[in-house]
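A.B. asks: Next comes run.cif, mmCIF, C-alpha atoms:
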```
data_run
#
loop_
_atom_site.label_atom_id
_atom_site.label_comp_id
_atom_site.auth_asym_id
_atom_site.auth_seq_id
_atom_site.Cartn_x
_atom_site.Cartn_y
_atom_site.Cartn_z
CA MET U 1 -12.97 -5.91 39.13
CA LYS U 2 -13.62 -6.36 35.44
CA ARG U 3 -10.55 -7.16 33.40
CA ALA U 4 -10.02 -5.60 30.00
CA PRO U 5 -10.25 -8.09 27.12
CA THR U 6 -6.97 -9.44 25.82
CA HIS U 7 -6.23 -9.83 22.15
CA SER U 8 -3.83 -12.35 20.71
CA TYR U 9 -3.17 -11.06 17.21
CA PRO U 10 -1.06 -8.05 16.14
CA GLY U 11 -3.01 -5.15 14.73
CA ILE U 12 -5.02 -2.20 15.95
CA ASN U 13 -6.50 -2.63 19.42
CA LEU U 14 -10.17 -1.87 18.88
CA GLY U 15 -10.92 -1.83 22.60
CA GLU U 16 -14.00 -2.91 24.51
CA ARG U 17 -16.43 -1.24 22.08
CA HIS U 18 -15.51 -3.77 19.41
CA ALA U 19 -14.29 -6.65 21.56
CA SER U 20 -16.52 -9.20 19.81
CA ALA U 21 -15.27 -8.15 16.37
CA HIS U 22 -11.69 -8.24 17.59
CA LYS U 23 -12.07 -11.77 18.94
CA ALA U 24 -13.97 -13.03 15.91
CA SER U 25 -11.24 -11.83 13.53
CA GLU U 26 -8.21 -13.20 15.37
CA VAL U 27 -7.66 -16.22 13.14
CA VAL U 28 -8.37 -14.51 9.82
CA THR U 29 -6.20 -11.51 10.72
CA PHE U 30 -3.33 -13.80 11.65
CA GLY U 31 -3.76 -15.49 8.26
CA PHE U 32 -3.69 -12.08 6.59
CA TRP U 33 -0.40 -11.29 8.33
CA VAL U 34 0.98 -14.54 6.87
CA PHE U 35 -0.13 -13.39 3.41
CA LEU U 36 1.56 -10.00 3.88
CA MET U 37 4.80 -11.62 5.01
CA SER U 38 4.79 -13.95 1.99
CA ASP U 39 4.24 -10.91 -0.23
CA LEU U 40 7.13 -9.19 1.53
CA VAL U 41 9.39 -12.16 0.75
CA TYR U 42 8.48 -11.87 -2.95
CA PHE U 43 9.18 -8.14 -3.01
CA GLY U 44 12.45 -8.79 -1.18
CA LEU U 45 13.52 -11.19 -3.92
CA MET U 46 12.63 -8.62 -6.58
CA PHE U 47 14.67 -5.98 -4.76
CA ALA U 48 17.65 -8.34 -4.63
CA ILE U 49 17.39 -9.07 -8.36
CA TYR U 50 17.11 -5.35 -9.15
CA ILE U 51 20.30 -4.61 -7.20
CA THR U 52 22.21 -7.17 -9.28
CA MET U 53 20.79 -5.79 -12.55
CA ILE U 54 21.25 -2.03 -12.10
CA ASP U 55 24.27 -2.00 -14.41
CA ALA U 56 22.74 -4.42 -16.95
CA GLN U 57 21.57 -1.64 -19.26
CA ALA U 58 22.90 -3.09 -22.54
CA GLY U 59 23.51 0.36 -23.95
CA GLY U 60 19.92 1.42 -23.35
CA PRO U 61 18.60 4.29 -21.25
CA GLY U 62 19.40 4.13 -17.55
CA PRO U 63 18.07 5.66 -14.34
CA HIS U 64 19.51 9.11 -15.03
CA GLU U 65 17.67 9.34 -18.34
CA LEU U 66 14.41 7.79 -17.19
CA PHE U 67 13.65 8.70 -13.58
CA ASP U 68 11.74 11.90 -12.76
CA LEU U 69 12.55 12.76 -9.15
CA LYS U 70 9.92 15.49 -8.91
CA SER U 71 7.20 13.03 -9.87
CA ILE U 72 8.61 10.39 -7.52
CA PHE U 73 8.59 12.91 -4.66
CA ALA U 74 4.96 13.81 -5.42
CA GLN U 75 3.98 10.14 -5.49
CA THR U 76 5.72 9.59 -2.16
CA MET U 77 3.93 12.49 -0.47
CA ILE U 78 0.59 11.29 -1.85
CA LEU U 79 1.07 7.72 -0.67
CA LEU U 80 2.31 8.74 2.79
CA THR U 81 -0.65 11.07 3.17
CA SER U 82 -2.97 8.23 2.21
CA SER U 83 -1.48 6.18 5.05
CA LEU U 84 -2.42 9.02 7.39
CA THR U 85 -6.01 9.08 6.13
CA VAL U 86 -6.31 5.31 6.59
CA GLY U 87 -5.05 5.80 10.14
CA LEU U 88 -7.72 8.45 10.73
CA ALA U 89 -10.36 6.01 9.48
CA MET U 90 -9.10 3.40 11.94
CA LEU U 91 -9.21 5.90 14.79
CA ALA U 92 -12.80 6.72 13.84
CA LEU U 93 -13.54 3.00 14.04
CA LYS U 94 -11.72 2.48 17.33
CA TYR U 95 -13.53 5.36 19.08
CA ASN U 96 -16.92 4.37 17.68
CA LEU U 97 -17.48 7.48 15.59
CA PRO U 98 -20.31 7.43 12.99
CA ARG U 99 -19.52 5.15 10.06
CA SER U 100 -19.83 8.20 7.78
CA LYS U 101 -16.47 9.34 9.20
CA ILE U 102 -14.84 6.06 8.20
CA ILE U 103 -16.38 6.27 4.73
CA LEU U 104 -15.18 9.87 4.42
CA TRP U 105 -11.57 9.01 5.21
CA PHE U 106 -11.74 5.97 2.95
CA GLY U 107 -12.97 8.27 0.17
CA VAL U 108 -10.00 10.59 0.69
CA THR U 109 -7.67 7.59 0.69
CA LEU U 110 -9.21 6.36 -2.55
CA PHE U 111 -8.67 9.75 -4.19
CA LEU U 112 -5.03 9.78 -3.09
CA GLY U 113 -4.50 6.20 -4.27
CA LEU U 114 -5.92 6.98 -7.71
CA SER U 115 -3.80 10.15 -7.90
CA PHE U 116 -0.71 8.08 -7.17
CA LEU U 117 -1.60 5.64 -9.95
CA VAL U 118 -2.16 8.45 -12.46
CA LEU U 119 1.29 9.91 -11.77
CA GLU U 120 2.92 6.48 -11.90
CA ILE U 121 1.30 5.57 -15.21
CA ARG U 122 2.33 8.95 -16.61
CA ASP U 123 5.94 8.19 -15.61
CA PHE U 124 5.79 4.78 -17.30
CA MET U 125 4.50 6.37 -20.51
CA ALA U 126 7.30 8.96 -20.42
CA MET U 127 9.85 6.16 -19.95
CA VAL U 128 8.46 4.29 -22.96
CA GLU U 129 8.77 7.41 -25.11
CA LYS U 130 12.46 7.56 -24.16
CA GLY U 131 12.98 3.94 -25.18
CA GLY U 132 12.65 2.56 -21.65
CA ILE U 133 10.69 -0.58 -22.50
CA PRO U 134 10.96 -3.89 -20.60
CA GLN U 135 12.70 -5.83 -23.39
CA ARG U 136 15.40 -3.17 -23.86
CA SER U 137 17.67 -4.39 -21.05
CA GLY U 138 17.88 -6.55 -17.96
CA PHE U 139 17.68 -3.43 -15.81
CA LEU U 140 14.38 -2.38 -17.39
CA SER U 141 12.98 -5.91 -17.29
CA VAL U 142 13.45 -6.05 -13.52
CA PHE U 143 12.20 -2.49 -13.07
CA TYR U 144 8.94 -3.28 -14.86
CA GLY U 145 8.64 -6.50 -12.89
CA LEU U 146 8.90 -4.67 -9.56
CA VAL U 147 7.48 -1.15 -9.63
CA PRO U 148 4.27 -1.87 -11.60
CA LEU U 149 3.67 -4.83 -9.26
CA HIS U 150 3.43 -2.38 -6.39
CA GLY U 151 1.12 -0.23 -8.51
CA LEU U 152 -1.06 -3.28 -9.11
CA HIS U 153 -1.30 -3.73 -5.35
CA VAL U 154 -2.37 -0.08 -4.98
CA ALA U 155 -5.01 -0.59 -7.69
CA ALA U 156 -6.31 -3.66 -5.84
CA GLY U 157 -6.40 -1.60 -2.64
CA CYS U 158 -8.47 1.08 -4.41
CA VAL U 159 -10.99 -1.54 -5.53
CA TRP U 160 -11.07 -2.87 -1.98
CA LEU U 161 -11.76 0.64 -0.66
CA ILE U 162 -14.74 1.02 -3.00
CA VAL U 163 -16.20 -2.38 -2.11
CA LEU U 164 -15.70 -1.87 1.61
CA GLY U 165 -17.21 1.61 1.47
CA ILE U 166 -20.33 0.10 -0.10
CA GLN U 167 -20.42 -2.63 2.54
CA LEU U 168 -20.12 -0.06 5.32
CA ARG U 169 -23.05 1.84 3.83
CA VAL U 170 -25.25 -1.22 3.23
CA MET U 171 -24.29 -3.69 5.97
CA GLY U 172 -23.26 -1.30 8.71
CA MET U 173 -20.72 -1.94 11.45
CA THR U 174 -20.99 -5.70 11.69
CA ASP U 175 -18.14 -7.83 13.07
CA LEU U 176 -17.39 -9.07 9.56
CA VAL U 177 -17.14 -5.57 8.10
CA ILE U 178 -15.01 -4.33 11.00
CA SER U 179 -12.61 -7.24 10.45
CA ARG U 180 -12.32 -6.29 6.79
CA VAL U 181 -11.61 -2.68 7.69
CA VAL U 182 -8.74 -3.79 9.94
CA ARG U 183 -7.25 -5.96 7.21
CA LEU U 184 -7.54 -3.20 4.62
CA ALA U 185 -5.68 -0.82 6.92
CA LEU U 186 -2.89 -3.38 7.40
CA PHE U 187 -2.68 -3.88 3.62
CA TRP U 188 -2.51 -0.15 2.89
CA HIS U 189 0.24 0.47 5.43
CA PHE U 190 2.10 -2.49 3.92
CA LEU U 191 1.97 -0.75 0.53
CA ASP U 192 3.60 2.32 2.05
CA LEU U 193 6.35 0.16 3.52
CA ILE U 194 7.07 -1.39 0.11
CA TRP U 195 7.08 2.05 -1.52
CA ILE U 196 9.74 3.27 0.92
CA GLY U 197 11.83 0.32 -0.23
CA ILE U 198 11.19 1.23 -3.87
CA ILE U 199 12.23 4.87 -3.59
CA THR U 200 15.31 3.88 -1.56
CA ILE U 201 16.53 0.88 -3.56
CA VAL U 202 15.04 1.34 -7.03
CA TYR U 203 15.09 5.09 -7.55
CA PHE U 204 17.83 6.47 -5.28
CA GLY U 205 19.87 3.30 -5.59
CA GLY U 206 19.49 3.35 -9.36
CA LEU U 207 20.61 6.98 -9.59
CA THR U 208 23.58 6.31 -7.31
CA TYR U 209 24.90 3.11 -8.86
CA GLY U 210 23.29 2.99 -12.31
#
```
Using structure tokens, write down the structure that the file contains.
C.D. replies:
Amino acid sequence: MKRAPTHSYPGINLGERHASAHKASEVVTFGFWVFLMSDLVYFGLMFAIYITMIDAQAGGPGPHELFDLKSIFAQTMILLTSSLTVGLAMLALKYNLPRSKIILWFGVTLFLGLSFLVLEIRDFMAMVEKGGIPQRSGFLSVFYGLVPLHGLHVAAGCVWLIVLGIQLRVMGMTDLVISRVVRLALFWHFLDLIWIGIITIVYFGGLTYG
């Protein structure tokens, strides 16, 4: 009786169709998890600093004057939907669907990621017009050190989506490309996790305690 292959690293189980790719990427995927956890530690420190600085507004504008909840809600729905489309791309990979399906869902994810960035940049510009600039207060300094950092990660993920889409088209479903697809999916879901922390601690927390 043939035994199913076992996999030693956490991540999507690609199954027997991609067993060689799964095995070949064990070490590098574990290393990528280490990177994500180190990034999580950094974000955790930024969250802790933000909590201590919510009231350090120095007479400047605070959360109630600066935050646009409608825009934040739209950004949240966009980013959560993009996590769904990444998941659909991974399912297409797992069940060996044509690579065009993966590229399609990556394209949708890219569109959603760019839409998120447009709304976020628009919010930053509106905050600046209201006097919400980084040097105005400790609260704003920490805000601009945390939230745009997440946006920078999303921008990097969008670039990664473009590059990986080209590699899928040119190189095909090689073990190396499949490994990169897995890591991109992990990275994108990580961004959603951080965003949940941002809307909970930065935005809702700021409106509650600021």
A.B. asks: Any chance you could resolve the PyMOL selection byres ((chain U and resi 71) around 12) against this file and give the residues as a list in words?
C.D. replies: Leu66, Phe67, Asp68, Leu69, Lys70, Ile72, Phe73, Ala74, Gln75, Thr76, Met77, Ile78, Ser115, Phe116, Leu117, Val118, Leu119, Glu120, Ile121, Arg122, Asp123, Phe124, Ala126, Ile199 and Tyr203 of chain U
A.B. asks: Here is a test: counting all atoms listed in the file, which residue of U:Ile178, U:Gly113, U:Gly132, U:Ile166 is nearest to Asn96 in chain U?
C.D. replies: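 For Asn96 in chain U, the nearest of the candidates is U:Ile178.
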A.B. asks: Around range 98-110 of chain U, fit a box with edges along x, y and z, padding it by 6 Å on each side, then list its centre and edge lengths in Å to one decimal as lines of an AutoDock Vina configuration file.
C.D. replies:
```
center_x = -14.0
center_y = 7.9
center_z = 5.2
size_x = 24.6
size_y = 17.4
size_z = 27.5
```
A.B. asks: Could you check the closest approach to Leu110 in chain U for each of U:Ile201, U:Val147, U:Val177, U:Leu79 and tell me which residue wins, using all atoms listed in the file?
C.D. replies: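 Of the candidates, the smallest distance to Leu110 in chain U is held by U:Leu79.
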A.B. asks: Skip range 149-163 of chain U itself and residues of its chain fewer than 6 positions away, then list as number ranges by chain all residues within 12 Å of it, counting all atoms listed in the file.
C.D. replies: U: 36, 39-40, 42-43, 46-47, 75, 79, 82-83, 86, 89, 102-121, 124, 142-143, 169-171, 177, 180-199
A.B. asks: When you count all atoms listed in the file, which of these residues is closest to Val128 in chain U: U:Leu97, U:Thr85, U:Gly60, U:Gln167?
C.D. replies: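 With all atoms listed in the file as the atom set, the closest residue is U:Gly60.
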